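Asks: This structure is in structure tokens; I'll ask about it shortly.
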Amino acid sequence: MFFSLISGSISMIRDAVTREMIGKQREVAPVVAHSAFKPKKGWIIVGKIQYDTKIELGSGSGGTIVFRGTYAEREVAVKRVLKQNVQLATREVKALIESDSDDNVIRYFDSETDNLFRYLVLELCIGSLSDYVENRKPEISLTSEEILRQATKGLSHLHSLKIVHRDLKPSNILFSTRGGTVRAVISDFGLCKKIKPDMNSLSSGSGIVGSMGWMSPEALKLQSTSFPTDIFSIGLVFYYVLTGGSHPYGEHYQRSSNIVEGKYSLIGLKTAESRRLISLALTHSPISRPKASEILSDPFFWENKERLDFFCEASDRFVGEDFKSLLSKRIMKNGKKIKQHVKTNWTNELCDELKNYVQTENDKFHPYTEWSLRDLIRLIRNLKHHYWDLPDSVRSSIGENINKLDEYFTGRFPHLLLHVYEAMEWCSDEPAFQHYYSDEIKTRMESERRQAMYTTGESYTKKVRPDSGMPTAPQIPKKSQHAKAPVHPKYRTSEIMSTPRKDSGSIEKENLP
């Protein structure tokens with residue numbers, strides 16, 4: 001109660017002081033309007049700026065208020081900052097000038113100063129991300145994934161300039177209509193800071209910086225911060241958007257303590273890709289969080305066609321691959337994530353029409369091994385390449401067009417894409433896979449391959465066709481006399497799983513050559 005009274009009194013005093021300062025401003029502000037436009041009745045004029053104190057678009061800490069106004073016959077947002085905070089305003093202007101060339105960073109036009117305030121002239125936006133999620137206003141055509149991709153792109157641009165935003169939250173991501181196109185833009189650079197060339201992080205000398213509930217653990221614990229603190233915040237924004245306004249760290253009063261203790265829940269997420277990506281962004285250790293550029297290349301953002309193309313590339317890469325190779329071992333590793341959904345036989349998860357078709361194909365041509373993940377990927381590839389040759393009943397059961405194949409298999413094998421994606425990181429520097437992976441993953445894989453060569457003696461050979469730049473299959477080994485069914489050499493795979501033992505339920509690998 002005592003603290004509430006004190007807080008209320010401080011608020012009343014601040015409002016009274018602000019009203020008094022506005023009254024003084026009306027007396028001392030220049031009254032001569034810029035020649036480009038006529039002054040509007042009741043609006044305050046400062047140099048080339050006009051703004052209406054009755055149209056408040058938003059407010060921030062330290063008495064900062066954003067009004068609607070005009071500048072050089074253009075409708076703009078006018079951010080008014082108290083003179084005592086001019087240092088923060090100057091830093092914000094420098095960051096905006098350096099970064100606003102990117103489509104996903106708010107545009108800065110100019111600034112003015114009078115005896116009481118510093119004014120920043122900014123692009124006028126139609127609403128914030130918090131408005132959109134909580135009230136579905138403004139009405140926009142962007143998908144949630146596209147909004148998050150654009151926000152991440154803007155953040156990646158800031159980080160490439162060594163700028164740490166330090167206050168990412170839904171109300172600081174706005175929607176611009178610049179050029180007639182709606183896009184998400186990052187705004188409010190009041191707390192941003194640029195990392196010096198000879199340093200990797202920012203000192204914690206300025207105290208807690210950010211908005212409660214949207215700050216990283218290191219920021220709350222007054223430790224030095226850097227780009228990962230923004231990654232943590234954007235991870236919170238991802239969850240907020242994808243769940244319609246929820247927070248992974250609970251209610252308002254719980255969030256700060258839960259963030260410090262690392263207690264969160266991702267129960268509101270629907271896909272394996274979103275759970276994986278957000279959990280990486282919310283990793284307690286800053287150095288373990290992905291970079292913004294890594295997030296942009298994550299499968300979470302892939303559309304149906306790109307996902308199908310990736311499966312096809314992966315299947316082609318496995319043709320003729322030795323089952324003892326490190327790449328084959330990677331596809332086998334953690335395969336239980338897939339098999340817990342297929343119960344050791346992936347054909348059990350197929351609809352009857354497709355299951356019968358697979359059986360027919362097995363009788364005619366090269367059979368699919370029901371225990372092999374590589375053959376499951378091969379099936380996806382073959383269905384994509386021969387979609388229009390499929391019987392009508394099969395096509396109608398798996399989707400009305402080729403891209404629906406992805407939804408069909410994702411619904412039945414939710415972890416398959418991520419499993420294959422993580423396995424194929426091994427080939428991330430090959431031409432067929434380069435555009436699927438970030439430079440950070442390629443660098444990490446190069447180190448892992450070098451380490452594997454030292455520990456196992458197995459060297460890695462990048463498979464590239466000289467004529468096309470695409471992966472090529474190595475020489476096919478001779479057909480095994482112990483094979484249970486004839487297999488065309490092009491599709492021969494050694495990753496064959498035997499029937500699970502009834503006593504343990506485990507899956508044994510049959511070591512066929």
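Ordering of the structure tokens sets the chain letters (A, B, ...), residue numbers begin anew at 1 in every chain, and ligands are numbered from 1 in the order given.
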Could you give me the residues within region 39-168 of chain A that DSSP places in alpha helix (DSSP H), as a ChimeraX atom specification?
Replies: /A:86-99,129-135,144-160
Asks: Restrict the calculation to only C-alpha atoms, then for each residue of region 223-312 of chain A with any atom at most 12 Å from an atom of region 403-415 of chain A give the closest atom pair and their distance in Å to one decimal, rows by chain and rising residue number, as a Markdown table.
Replies:
| residue | atom | partner | partner_atom | distance |
| --- | --- | --- | --- | --- |
| A:Lys270 | CA | A:Pro414 | CA | 10.0 |
| A:Thr271 | CA | A:Pro414 | CA | 7.3 |
| A:Ala272 | CA | A:His415 | CA | 6.2 |
| A:Glu273 | CA | A:His415 | CA | 8.1 |
| A:Ser274 | CA | A:His415 | CA | 11.4 |
| A:Arg275 | CA | A:His415 | CA | 10.9 |
| A:Arg276 | CA | A:His415 | CA | 10.2 |
| A:Pro299 | CA | A:His415 | CA | 11.7 |
| A:Trp302 | CA | A:Asp406 | CA | 11.0 |
| A:Glu303 | CA | A:Asn403 | CA | 9.0 |
| A:Asn304 | CA | A:Asn403 | CA | 5.5 |
| A:Lys305 | CA | A:Asn403 | CA | 5.7 |
| A:Glu306 | CA | A:Asn403 | CA | 9.2 |
| A:Arg307 | CA | A:Asp406 | CA | 6.9 |
| A:Leu308 | CA | A:Asp406 | CA | 6.2 |
| A:Asp309 | CA | A:Asn403 | CA | 9.9 |
| A:Phe310 | CA | A:Asp406 | CA | 10.8 |
| A:Phe311 | CA | A:Asp406 | CA | 9.5 |
| A:Cys312 | CA | A:Asp406 | CA | 11.6 |
Asks: Smallest atom-to-atom distance to Asn115 (chain A): which of A:Ser438, A:Thr143, A:Gln84, A:Gln254, using only C-alpha atoms?
Replies: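 Checking each candidate against Asn115 (chain A), we get A:Gln84 as the closest.
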Asks: I'd like the contact shell of region 245-248 of chain A - 10 Å cut-off, only C-alpha atoms, skipping same-chain residues fewer than 3 positions apart - returned as a list in words.
Replies: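 Once the adjacent positions are removed, what remains is Ser130, Tyr132, Val133, Glu134, Pro170, Gly213, Trp214, Gly235, Leu236, Val237, Phe238, Tyr239, Tyr240, Val241, Leu242, Glu251, His252, Arg255, Asn258, Ile259, Lys263, Tyr264, Ser265, Leu266, Ile267, Gly268, Leu269, Ile278 and Leu282 of chain A.
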Asks: Figure out the distance between CA of Ala95 (chain A) and CA of Asp230 (chain A), please, to one decimal in Å.
Replies: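 Taking CA of Asp230 (chain A) as the start and CA of Ala95 (chain A) as the end point, the length is 15.6 Å.
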Asks: As a ChimeraX atom specification, please: every residue in region 72-154 of chain A that a backbone DSSP assignment puts in strand (DSSP E or B).
Replies: /A:74-82,105,108-113,117-123,127-128
Asks: I need the residue nearest Ser171 (chain A) from this list: A:Arg149, A:Ser128, A:Met453, A:Ser61. Use only C-alpha atoms for the distance.
Replies: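 That would be A:Ser128, the residue with the smallest distance to Ser171 (chain A).
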Asks: So that I can check the surroundings of Asp392 (chain A), please list as a ChimeraX atom specification every protein, DNA and RNA residue that reaches within 12 Å of it, counting only C-alpha atoms and ignoring chain neighbours fewer than 4 positions away.
Replies: /A:353-354,357,387-388,396-401
Asks: Using only C-alpha atoms, which residue out of A:Ile195, A:Ala314, A:Ile55, A:Ala77 lies closest to Ser160 (chain A)?
Replies: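 So, comparing all the options, the nearest one is A:Ile195.
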Asks: Could you state the separation of CA of Arg118 (chain A) and CA of Val105 (chain A) in Å, given to one decimal place?
Replies: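 Here the two named atoms are 21.1 Å from each other.
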Asks: Would you mind reading off the distance between CA of Val81 (chain A) and CA of Ser99 (chain A), one decimal, in Å?
Replies: 20.5 Å
